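Colleague: Coordinates in model-v4.cif, mmCIF, C-alpha atoms, are listed below.
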data_final
#
loop_
_atom_site.group_PDB
_atom_site.id
_atom_site.type_symbol
_atom_site.label_atom_id
_atom_site.label_comp_id
_atom_site.auth_asym_id
_atom_site.auth_seq_id
_atom_site.Cartn_x
_atom_site.Cartn_y
_atom_site.Cartn_z
ATOM 1 C CA VAL A 120 -15.028 3.003 -6.407
ATOM 2 C CA THR A 121 -13.691 1.305 -3.288
ATOM 3 C CA PHE A 122 -12.786 3.310 -0.203
ATOM 4 C CA PRO A 123 -13.270 6.798 -1.716
ATOM 5 C CA GLY A 124 -12.190 9.719 0.418
ATOM 6 C CA VAL A 125 -9.914 7.762 2.740
ATOM 7 C CA TRP A 126 -6.223 8.328 3.332
ATOM 8 C CA THR A 127 -3.967 5.373 2.593
ATOM 9 C CA ASN A 128 -0.549 4.235 1.357
ATOM 10 C CA THR A 129 1.139 5.924 -1.595
ATOM 11 C CA CYS A 130 -0.071 3.371 -4.128
ATOM 12 C CA CYS A 131 -0.585 -0.349 -4.689
ATOM 13 C CA SER A 132 1.644 -2.026 -7.260
ATOM 14 C CA HIS A 133 -0.850 -4.550 -8.710
ATOM 15 C CA PRO A 134 1.589 -6.507 -10.925
ATOM 16 C CA LEU A 135 0.142 -7.474 -14.303
ATOM 17 C CA PHE A 136 0.901 -10.366 -16.642
ATOM 18 C CA GLY A 137 2.229 -9.446 -20.085
ATOM 19 C CA MET A 138 3.904 -6.178 -19.129
ATOM 20 C CA LYS A 139 7.358 -5.155 -20.347
ATOM 21 C CA PRO A 140 9.445 -5.206 -18.248
ATOM 22 C CA ASN A 141 7.934 -8.276 -16.595
ATOM 23 C CA GLU A 142 5.989 -7.492 -13.418
ATOM 24 C CA VAL A 143 5.079 -10.987 -12.246
ATOM 25 C CA ASP A 144 7.615 -12.724 -10.039
ATOM 26 C CA SER A 145 8.148 -16.430 -9.585
ATOM 27 C CA PRO A 146 7.794 -17.942 -6.109
ATOM 28 C CA ALA A 147 11.584 -18.363 -6.117
ATOM 29 C CA ALA A 148 12.095 -14.632 -6.776
ATOM 30 C CA VAL A 149 9.768 -13.743 -3.905
ATOM 31 C CA ALA A 150 11.485 -16.268 -1.615
ATOM 32 C CA SER A 151 14.869 -14.756 -2.523
ATOM 33 C CA GLY A 152 13.703 -11.444 -1.070
ATOM 34 C CA ASN A 153 14.227 -9.584 -4.339
ATOM 35 C CA PRO A 154 11.113 -9.799 -6.520
ATOM 36 C CA VAL A 155 12.135 -7.425 -9.315
ATOM 37 C CA GLY A 156 8.832 -7.645 -11.199
ATOM 38 C CA VAL A 157 6.806 -6.065 -8.412
ATOM 39 C CA LYS A 158 9.299 -3.192 -8.327
ATOM 40 C CA HIS A 159 8.624 -2.550 -12.029
ATOM 41 C CA ALA A 160 4.893 -2.684 -11.258
ATOM 42 C CA ALA A 161 5.396 -0.080 -8.517
ATOM 43 C CA VAL A 162 7.084 2.254 -11.011
ATOM 44 C CA ARG A 163 4.178 1.796 -13.453
ATOM 45 C CA LYS A 164 1.504 2.362 -10.796
ATOM 46 C CA LEU A 165 3.245 5.417 -9.323
ATOM 47 C CA GLY A 166 3.063 6.860 -12.837
ATOM 48 C CA HIS A 167 -0.603 5.899 -13.225
ATOM 49 C CA GLU A 168 -1.836 7.005 -9.799
ATOM 50 C CA LEU A 169 0.469 9.905 -8.943
ATOM 51 C CA GLY A 170 1.830 10.991 -12.325
ATOM 52 C CA ILE A 171 5.449 10.379 -11.329
ATOM 53 C CA PRO A 172 7.479 9.912 -14.526
ATOM 54 C CA ALA A 173 9.192 6.505 -14.718
ATOM 55 C CA GLY A 174 12.509 8.294 -15.352
ATOM 56 C CA GLN A 175 12.361 9.731 -11.817
ATOM 57 C CA LEU A 176 12.059 6.266 -10.258
ATOM 58 C CA ASP A 177 14.684 3.550 -10.365
ATOM 59 C CA ALA A 178 13.157 0.105 -9.766
ATOM 60 C CA ASN A 179 16.463 -1.007 -8.223
ATOM 61 C CA ARG A 180 16.057 1.539 -5.401
ATOM 62 C CA PHE A 181 12.881 -0.144 -4.130
ATOM 63 C CA LYS A 182 13.224 -2.430 -1.121
ATOM 64 C CA PHE A 183 10.805 -5.366 -0.909
ATOM 65 C CA VAL A 184 9.966 -5.868 2.762
ATOM 66 C CA THR A 185 7.042 -8.297 2.902
ATOM 67 C CA ARG A 186 3.621 -9.280 1.590
ATOM 68 C CA VAL A 187 0.303 -8.801 3.344
ATOM 69 C CA HIS A 188 -3.005 -10.611 2.931
ATOM 70 C CA TYR A 189 -6.055 -8.648 3.977
ATOM 71 C CA TRP A 190 -9.747 -8.255 3.295
ATOM 72 C CA ALA A 191 -12.178 -5.469 4.015
ATOM 73 C CA ALA A 192 -15.664 -4.512 2.902
ATOM 74 C CA ASP A 193 -16.209 -0.837 2.147
ATOM 75 C CA ALA A 194 -19.006 -0.719 4.721
ATOM 76 C CA LEU A 195 -18.196 2.850 5.795
ATOM 77 C CA THR A 196 -19.031 4.114 2.300
ATOM 78 C CA TYR A 197 -21.748 1.677 1.207
ATOM 79 C CA GLY A 198 -23.281 0.458 4.473
ATOM 80 C CA ALA A 199 -23.730 -2.984 5.977
ATOM 81 C CA ASP A 200 -24.575 -4.547 2.591
ATOM 82 C CA ALA A 201 -21.516 -3.090 0.855
ATOM 83 C CA PRO A 202 -21.120 -4.521 -2.665
ATOM 84 C CA TRP A 203 -17.508 -3.343 -2.813
ATOM 85 C CA GLY A 204 -14.426 -4.319 -0.896
ATOM 86 C CA GLU A 205 -10.940 -5.711 -1.269
ATOM 87 C CA HIS A 206 -9.404 -9.126 -0.695
ATOM 88 C CA GLU A 207 -5.766 -9.066 -1.763
ATOM 89 C CA ILE A 208 -2.212 -10.121 -1.238
ATOM 90 C CA ASP A 209 -0.095 -6.994 -1.594
ATOM 91 C CA TYR A 210 3.642 -6.567 -1.817
ATOM 92 C CA LEU A 211 5.063 -3.877 0.454
ATOM 93 C CA VAL A 212 8.011 -1.986 -0.949
ATOM 94 C CA LEU A 213 9.852 1.066 0.338
ATOM 95 C CA ILE A 214 11.784 3.654 -1.628
ATOM 96 C CA GLN A 215 13.894 6.527 -0.432
ATOM 97 C CA LEU A 216 13.697 9.279 -3.029
ATOM 98 C CA LYS A 217 16.752 11.012 -4.353
ATOM 99 C CA PRO A 218 17.096 14.661 -3.275
ATOM 100 C CA GLY A 219 16.014 17.209 -5.833
ATOM 101 C CA PRO A 220 13.000 18.189 -7.895
ATOM 102 C CA PHE A 221 10.205 15.692 -8.048
ATOM 103 C CA THR A 222 7.143 15.582 -10.326
ATOM 104 C CA LEU A 223 3.758 14.781 -8.822
ATOM 105 C CA HIS A 224 0.541 15.060 -10.875
ATOM 106 C CA ALA A 225 -2.079 12.957 -9.096
ATOM 107 C CA ASN A 226 -4.625 11.190 -11.319
ATOM 108 C CA PRO A 227 -8.037 12.510 -10.170
ATOM 109 C CA ASP A 228 -9.632 9.141 -10.999
ATOM 110 C CA GLU A 229 -7.330 7.524 -8.420
ATOM 111 C CA VAL A 230 -6.324 10.206 -5.910
ATOM 112 C CA MET A 231 -8.333 12.962 -4.224
ATOM 113 C CA ASP A 232 -5.440 14.556 -2.334
ATOM 114 C CA THR A 233 -1.813 14.072 -1.344
ATOM 115 C CA ALA A 234 0.244 15.124 1.648
ATOM 116 C CA TRP A 235 3.958 14.952 2.471
ATOM 117 C CA VAL A 236 4.347 14.224 6.186
ATOM 118 C CA ASN A 237 6.999 13.021 8.575
ATOM 119 C CA SER A 238 6.371 10.092 10.922
ATOM 120 C CA ASP A 239 5.352 12.276 13.869
ATOM 121 C CA GLU A 240 2.837 14.173 11.737
ATOM 122 C CA LEU A 241 1.418 10.929 10.341
ATOM 123 C CA SER A 242 1.101 9.400 13.811
ATOM 124 C CA GLU A 243 -0.716 12.479 15.106
ATOM 125 C CA TRP A 244 -2.919 12.661 12.010
ATOM 126 C CA MET A 245 -3.865 8.987 12.271
ATOM 127 C CA GLY A 246 -4.779 9.490 15.936
ATOM 128 C CA SER A 247 -7.356 12.113 14.984
ATOM 129 C CA SER A 248 -10.960 11.070 14.398
ATOM 130 C CA ARG A 249 -11.457 13.691 11.673
ATOM 131 C CA ASN A 250 -9.812 11.573 8.947
ATOM 132 C CA LEU A 251 -10.745 8.183 7.521
ATOM 133 C CA TRP A 252 -7.938 5.685 6.857
ATOM 134 C CA SER A 253 -7.946 2.538 4.759
ATOM 135 C CA PRO A 254 -8.118 -0.538 6.989
ATOM 136 C CA TRP A 255 -4.965 -2.062 5.487
ATOM 137 C CA PHE A 256 -2.910 1.101 5.948
ATOM 138 C CA ARG A 257 -3.913 1.432 9.601
ATOM 139 C CA VAL A 258 -2.640 -2.093 10.287
ATOM 140 C CA ILE A 259 0.515 -1.731 8.166
ATOM 141 C CA ALA A 260 1.365 1.605 9.823
ATOM 142 C CA ARG A 261 0.807 0.255 13.321
ATOM 143 C CA GLU A 262 2.498 -3.115 12.793
ATOM 144 C CA ARG A 263 5.409 -2.178 10.514
ATOM 145 C CA LEU A 264 5.637 1.293 8.946
ATOM 146 C CA PHE A 265 6.520 3.344 12.006
ATOM 147 C CA GLY A 266 9.212 0.807 12.945
ATOM 148 C CA TRP A 267 10.750 0.935 9.470
ATOM 149 C CA TRP A 268 10.489 4.716 9.367
ATOM 150 C CA ALA A 269 12.282 5.115 12.715
ATOM 151 C CA ASP A 270 15.467 3.789 11.081
ATOM 152 C CA LEU A 271 15.033 3.771 7.320
ATOM 153 C CA GLY A 272 18.694 2.895 6.741
ATOM 154 C CA ARG A 273 18.258 -0.241 8.842
ATOM 155 C CA ALA A 274 14.929 -1.070 7.157
ATOM 156 C CA PHE A 275 16.658 -1.134 3.768
ATOM 157 C CA LYS A 276 19.164 -3.688 5.129
ATOM 158 C CA LEU A 277 16.657 -6.040 6.775
ATOM 159 C CA PRO A 278 15.911 -9.303 4.985
ATOM 160 C CA ALA A 279 12.410 -9.542 3.549
ATOM 161 C CA GLU A 280 9.901 -11.154 5.873
ATOM 162 C CA LYS A 281 9.116 -14.629 4.550
ATOM 163 C CA PRO A 282 5.633 -15.429 5.777
ATOM 164 C CA ILE A 283 2.766 -13.417 4.381
ATOM 165 C CA LEU A 284 1.415 -11.121 7.095
ATOM 166 C CA ARG A 285 -2.304 -11.784 7.442
ATOM 167 C CA PHE A 286 -4.944 -9.702 9.099
ATOM 168 C CA ASP A 287 -8.692 -9.459 9.179
ATOM 169 C CA ALA A 288 -10.652 -6.288 8.739
ATOM 170 C CA PRO A 289 -11.667 -4.283 11.800
ATOM 171 C CA ALA A 290 -15.354 -4.505 12.711
ATOM 172 C CA GLU A 291 -16.304 -1.284 10.914
ATOM 173 C CA HIS A 292 -15.077 -2.793 7.632
ATOM 174 C CA CYS A 293 -17.177 -5.957 7.853
ATOM 175 C CA LYS A 294 -20.543 -6.405 6.238
ATOM 176 C CA GLY A 295 -23.629 -6.577 8.445
ATOM 177 C CA ASP A 296 -23.206 -10.353 8.758
ATOM 178 C CA GLY A 297 -19.523 -9.963 9.761
ATOM 179 C CA SER A 298 -18.210 -11.145 6.381
ATOM 180 C CA HIS A 299 -16.136 -9.432 3.725
ATOM 181 C CA SER A 300 -17.948 -10.880 0.713
ATOM 182 C CA GLY A 301 -21.491 -11.129 -0.569
ATOM 183 C CA ARG A 302 -22.031 -14.397 1.353
ATOM 184 C CA ALA A 303 -22.165 -14.961 5.072
ATOM 185 C CA ALA A 304 -19.193 -16.816 6.508
#
What would you get if you wrote out this structure as structure tokens?

Modeller:
Amino acid sequence: VTFPGVWTNTCCSHPLFGMKPNEVDSPAAVASGNPVGVKHAAVRKLGHELGIPAGQLDANRFKFVTRVHYWAADALTYGADAPWGEHEIDYLVLIQLKPGPFTLHANPDEVMDTAWVNSDELSEWMGSSRNLWSPWFRVIARERLFGWWADLGRAFKLPAEKPILRFDAPAEHCKGDGSHSGRAA
């Protein structure tokens, strides 16, 4: 419903209460830099969105790097009075896959297409005007992803960033009144 037809990150973890194993982390777990619950949520959502069997993903191989707070109206799809948008705090986690066969069966209700690219290809692709990108992914890629990707081994050793990274939507993802919600700011 929101942001159809745009390229974005692999998936969003969206931790849920009441799941087994537990997906919701305490503030202390997040502060420790090792929120295990969100890693379990990532495994669940990679199964839901991309059809990756849980047995092919080890939650312990995920690296929590930070959280981001963002908002954006889906004004490109729905116009200046967009009824849909996002306003979230997301956990960013990285995983380096084990070599070997890998199952990918994208859920058509969640994913229109997939692509495996290296960092140079992604940078070139994002520089092209022929593709739409989610507003949060553009910021994450520019501000953090390409730096992590340049030395993935180092990225997995960095401590998690403590403050939540916050950013506002670019102008094209604001409603006609400049807001992200149904009310003017």

Colleague: What would the selection look like, as a list of chain:residue names, if the PyMOL selection byres ((chain A and resi 225) around 7) were run on the coordinates I just shared?

Modeller: A:Glu168, A:Leu169, A:Gly170, A:Leu223, A:His224, A:Asn226, A:Pro227, A:Val230

Colleague: For range 130-143 of chain A, please output as JSON, numbers by chain all residues within 7 Å (counting all atoms listed in the file; exclusion window: fewer than 2 positions along the same chain).

Modeller: {"A": [128, 145, 156, 157, 159, 160, 161, 164, 165, 168]}

Colleague: So what does the PyMOL selection byres ((chain A and resi 268) around 12) actually pick up in this one, as a list of chain:residue names?

Modeller: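 So the PyMOL selection byres ((chain A and resi 268) around 12) ends up selecting A:Leu213, A:Ile214, A:Gln215, A:Val236, A:Asn237, A:Ser238, A:Asp239, A:Leu241, A:Ser242, A:Ile259, A:Ala260, A:Arg261, A:Glu262, A:Arg263, A:Leu264, A:Phe265, A:Gly266, A:Trp267, A:Ala269, A:Asp270, A:Leu271, A:Gly272, A:Arg273, A:Ala274, A:Phe275.
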
Colleague: Would you list the residues near (10.2, 11.9, -13.4), meaning any protein, DNA or RNA residue with an atom at most 12 Å from that point in file coordinates, counting all atoms listed in the file, as a ChimeraX atom specification?

Modeller: /A:162-163,165-166,169-177,216-217,219-224

Colleague: Let me have the centre and edge lengths of the axis-aligned box enclosing all listed atoms of range 169-174 of chain A with 3 Å padding on every side, in Å to one decimal, as lines of an AutoDock Vina configuration file.

Modeller:
center_x = 6.5
center_y = 8.7
center_z = -12.1
size_x = 18.0
size_y = 10.5
size_z = 12.4

Colleague: Which is closer to Gly204 in chain A than all the others in A:Ala150, A:Val120, A:Leu277, A:Ala290, using only C-alpha atoms?

Modeller: A:Val120

Colleague: In Å to one decimal, how far is CA of Ala148 in chain A from CA of Phe183 in chain A?

Modeller: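 Interatomic distance, CA of Phe183 in chain A to CA of Ala148 in chain A: 11.0 Å.
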
Colleague: What is the distance between CA of His292 in chain A and CA of Glu243 in chain A, in Å to one decimal?

Modeller: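 CA of His292 in chain A sits 22.3 Å away from CA of Glu243 in chain A.
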
Colleague: Missing atoms in range 192-209 of chain A should be modelled up to N, CA, C and O atoms and reported as a PDB file, in the frame of the given file.

Modeller:
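Dumped everything to out29.pdb:
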ATOM      1  N   ALA A 192     -14.509  -5.027   3.634  1.00  0.00           N
ATOM      2  CA  ALA A 192     -15.664  -4.512   2.902  1.00  0.00           C
ATOM      3  C   ALA A 192     -15.676  -2.995   3.062  1.00  0.00           C
ATOM      4  O   ALA A 192     -15.277  -2.475   4.102  1.00  0.00           O
ATOM      5  N   ASP A 193     -16.129  -2.294   2.042  1.00  0.00           N
ATOM      6  CA  ASP A 193     -16.209  -0.837   2.147  1.00  0.00           C
ATOM      7  C   ASP A 193     -17.539  -0.445   2.785  1.00  0.00           C
ATOM      8  O   ASP A 193     -18.345   0.286   2.215  1.00  0.00           O
ATOM      9  N   ALA A 194     -17.751  -0.940   4.002  1.00  0.00           N
ATOM     10  CA  ALA A 194     -19.006  -0.719   4.721  1.00  0.00           C
ATOM     11  C   ALA A 194     -19.161   0.724   5.181  1.00  0.00           C
ATOM     12  O   ALA A 194     -20.289   1.191   5.356  1.00  0.00           O
ATOM     13  N   LEU A 195     -18.072   1.457   5.373  1.00  0.00           N
ATOM     14  CA  LEU A 195     -18.196   2.850   5.795  1.00  0.00           C
ATOM     15  C   LEU A 195     -18.791   3.707   4.678  1.00  0.00           C
ATOM     16  O   LEU A 195     -19.511   4.665   4.938  1.00  0.00           O
ATOM     17  N   THR A 196     -18.489   3.367   3.431  1.00  0.00           N
ATOM     18  CA  THR A 196     -19.031   4.114   2.300  1.00  0.00           C
ATOM     19  C   THR A 196     -20.402   3.603   1.891  1.00  0.00           C
ATOM     20  O   THR A 196     -21.312   4.382   1.638  1.00  0.00           O
ATOM     21  N   TYR A 197     -20.555   2.276   1.813  1.00  0.00           N
ATOM     22  CA  TYR A 197     -21.748   1.677   1.207  1.00  0.00           C
ATOM     23  C   TYR A 197     -22.700   1.023   2.200  1.00  0.00           C
ATOM     24  O   TYR A 197     -23.715   0.467   1.800  1.00  0.00           O
ATOM     25  N   GLY A 198     -22.388   1.041   3.478  1.00  0.00           N
ATOM     26  CA  GLY A 198     -23.281   0.458   4.473  1.00  0.00           C
ATOM     27  C   GLY A 198     -23.049  -1.026   4.694  1.00  0.00           C
ATOM     28  O   GLY A 198     -22.153  -1.642   4.104  1.00  0.00           O
ATOM     29  N   ALA A 199     -23.896  -1.597   5.538  1.00  0.00           N
ATOM     30  CA  ALA A 199     -23.730  -2.984   5.977  1.00  0.00           C
ATOM     31  C   ALA A 199     -23.827  -3.996   4.843  1.00  0.00           C
ATOM     32  O   ALA A 199     -23.320  -5.101   4.964  1.00  0.00           O
ATOM     33  N   ASP A 200     -24.469  -3.643   3.735  1.00  0.00           N
ATOM     34  CA  ASP A 200     -24.575  -4.547   2.591  1.00  0.00           C
ATOM     35  C   ASP A 200     -23.621  -4.132   1.473  1.00  0.00           C
ATOM     36  O   ASP A 200     -23.935  -4.293   0.286  1.00  0.00           O
ATOM     37  N   ALA A 201     -22.495  -3.605   1.824  1.00  0.00           N
ATOM     38  CA  ALA A 201     -21.516  -3.090   0.855  1.00  0.00           C
ATOM     39  C   ALA A 201     -21.249  -4.080  -0.278  1.00  0.00           C
ATOM     40  O   ALA A 201     -20.876  -5.222  -0.022  1.00  0.00           O
ATOM     41  N   PRO A 202     -21.438  -3.640  -1.536  1.00  0.00           N
ATOM     42  CA  PRO A 202     -21.120  -4.521  -2.665  1.00  0.00           C
ATOM     43  C   PRO A 202     -19.636  -4.492  -3.013  1.00  0.00           C
ATOM     44  O   PRO A 202     -19.160  -5.315  -3.783  1.00  0.00           O
ATOM     45  N   TRP A 203     -18.908  -3.533  -2.466  1.00  0.00           N
ATOM     46  CA  TRP A 203     -17.508  -3.343  -2.813  1.00  0.00           C
ATOM     47  C   TRP A 203     -16.610  -3.615  -1.615  1.00  0.00           C
ATOM     48  O   TRP A 203     -16.968  -3.357  -0.477  1.00  0.00           O
ATOM     49  N   GLY A 204     -15.420  -4.069  -1.927  1.00  0.00           N
ATOM     50  CA  GLY A 204     -14.426  -4.319  -0.896  1.00  0.00           C
ATOM     51  C   GLY A 204     -13.143  -4.783  -1.553  1.00  0.00           C
ATOM     52  O   GLY A 204     -13.010  -4.744  -2.777  1.00  0.00           O
ATOM     53  N   GLU A 205     -12.209  -5.214  -0.759  1.00  0.00           N
ATOM     54  CA  GLU A 205     -10.940  -5.711  -1.269  1.00  0.00           C
ATOM     55  C   GLU A 205     -10.575  -6.984  -0.538  1.00  0.00           C
ATOM     56  O   GLU A 205     -10.876  -7.141   0.638  1.00  0.00           O
ATOM     57  N   HIS A 206      -9.920  -7.881  -1.246  1.00  0.00           N
ATOM     58  CA  HIS A 206      -9.404  -9.126  -0.695  1.00  0.00           C
ATOM     59  C   HIS A 206      -8.150  -9.420  -1.505  1.00  0.00           C
ATOM     60  O   HIS A 206      -8.237  -9.902  -2.631  1.00  0.00           O
ATOM     61  N   GLU A 207      -6.993  -9.073  -0.968  1.00  0.00           N
ATOM     62  CA  GLU A 207      -5.766  -9.066  -1.763  1.00  0.00           C
ATOM     63  C   GLU A 207      -4.559  -9.577  -0.987  1.00  0.00           C
ATOM     64  O   GLU A 207      -4.549  -9.563   0.238  1.00  0.00           O
ATOM     65  N   ILE A 208      -3.571  -9.962  -1.746  1.00  0.00           N
ATOM     66  CA  ILE A 208      -2.212 -10.121  -1.238  1.00  0.00           C
ATOM     67  C   ILE A 208      -1.411  -9.009  -1.895  1.00  0.00           C
ATOM     68  O   ILE A 208      -1.350  -8.922  -3.125  1.00  0.00           O
ATOM     69  N   ASP A 209      -0.871  -8.128  -1.091  1.00  0.00           N
ATOM     70  CA  ASP A 209      -0.095  -6.994  -1.594  1.00  0.00           C
ATOM     71  C   ASP A 209       1.369  -7.135  -1.204  1.00  0.00           C
ATOM     72  O   ASP A 209       1.696  -7.640  -0.132  1.00  0.00           O
TER      73      ASP A 209
END
